[in-house]
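Asks: I have a structure here, written as structure tokens, and I will follow up with some questions on it.
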Amino acid sequence: MAKIAVIVGSVREGRVTGKLAKWVAAEVAKVADVETLDLKDYPLPLFAEGKSPRYSPDYSPVPEGKKWIDKMAQFDGYVIVTPEYNRAMPGVLKNAFDYLDSRVADKPAAIVAHGVTGGAQAVASLRVTLPGNGLVVLPNALFFTDGVGDAIDEAGILKEEFQDGPQGQLGGLSQAIAKYADALKAARG
Ligand SMILES: Cc1cc2nc3c(=O)[nH]c(=O)nc-3n(C[C@H](O)[C@H](O)[C@H](O)COP(=O)(O)O)c2cc1C
């Protein structure tokens with residue numbers, strides 16, 4: 001089974017993205033080995049390294065950065081779960097991607113976003129950034145337009161009245177990330 005990381009893209013006090021990530025992780029776990037990576041557990045200073053780990057493979061960043069990039073290297077694919085902040089992904093997420101080295105290259109990334117427009121502009125910003133890391137972004141993203149706070153409970157269960165639409169889309173996205181993870185692993189050799 002492919003190893004997939006579900007990344008929680010918000011560290012804000014009182015965030016709701018953690019609930020969305022629980023819902024996502026439970027579905028992806030039906031088709032892959034899943035680990036949720038909470039950026040709260042990987043507190044990174046603002047990227048101020050002398051070099052980019054991606055372009056300087058022998059370069060080691062600050063210990064917090066090294067712990068993060070070594071962890072990220074362990075997976076075959078990623079599902080980024082993100083809110084939209086000021087028409088883009090949160091800064092904490094962009095900062096985390098700036099640390100990554102080339103070990104994530106040629107691996108797939110799926111995006112699940114939420115916000116007033118389903119996080120459309122957070123998705124757009126990730127579609128620009130992730131290929132910079134060498135990641136292969138899946139064509140379809142999940143735009144969660146219902147309020148996460150209302151639709152998903154603390155255990156990460158999508159309430160009955162919100163099931164139409166998002167649940168089916170998540171099933172498709174989960175199967176796609178597992179399929180791309182296997183295919184790209186074979187392609188990397
Ligand atoms: C700094 C900030 C900027 C925001 N900007 C947007 C935005 O541009 N578009 C949007 O749809 N929602 C925006 N929101 C609303 C968030 O999508 C909403 O607060 C959501 O709950 C954030 O996810 P979180 O609770 O996991 O942090 C913003 C919220 C914050 C805190």
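Naming scheme: A, B, ... for chains in displayed order of the structure tokens; residues 1 onward per chain; ligands 1 onward as shown.
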Give me the residues within 8 Å of range 130-135 of chain A as number ranges by chain, counting only C-alpha atoms and dropping any in the same chain fewer than 3 places off.
Replies: A: 54, 97, 100-102, 104-109, 126-127
Asks: Write out as a PyMOL selection string all residues of range 34-179 of chain A that backbone DSSP assigns to strand (DSSP E or B).
Replies: chain A and resi 34-38+77-83+85+88+108-114+136-137+142-144+152+158
Asks: Can I get the residues close to ligand 1 as a count of residues only, where close means within 10 Å and we count only C-alpha atoms and all ligand atoms?
Replies: 39
Asks: What gap, in Å, lies between CA of Ala26 in chain A and CA of Tyr42 in chain A?
Replies: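 One can read the CA of Ala26 in chain A to CA of Tyr42 in chain A distance as 21.8 Å.
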Asks: Which residue gives the smallest distance to Lys30 in chain A among A:Ile69, A:Met1, A:Gly77, A:Ser125, with only C-alpha atoms counted?
Replies: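 Nearest to Lys30 in chain A: A:Met1.
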Asks: Counting only C-alpha atoms, which residue out of A:Gly156, A:Val24, A:Ala32, A:Val62 sits closest to Leu142 in chain A?
Replies: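 Between A:Gly156, A:Val24, A:Ala32, A:Val62, the residue approaching Leu142 in chain A most closely is A:Val24.
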Asks: With only C-alpha atoms as the atoms that count, which of A:Glu161, A:Asp98, A:Asp182, A:Glu64 lies nearest to Lys51 in chain A?
Replies: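 Closest to Lys51 in chain A of all the choices is A:Asp98.
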Asks: When distances are computed from only C-alpha atoms, which of A:Ala96, A:Ala181, A:Leu37, A:Val28 shows the smallest separation from Lys66 in chain A?
Replies: A:Ala96
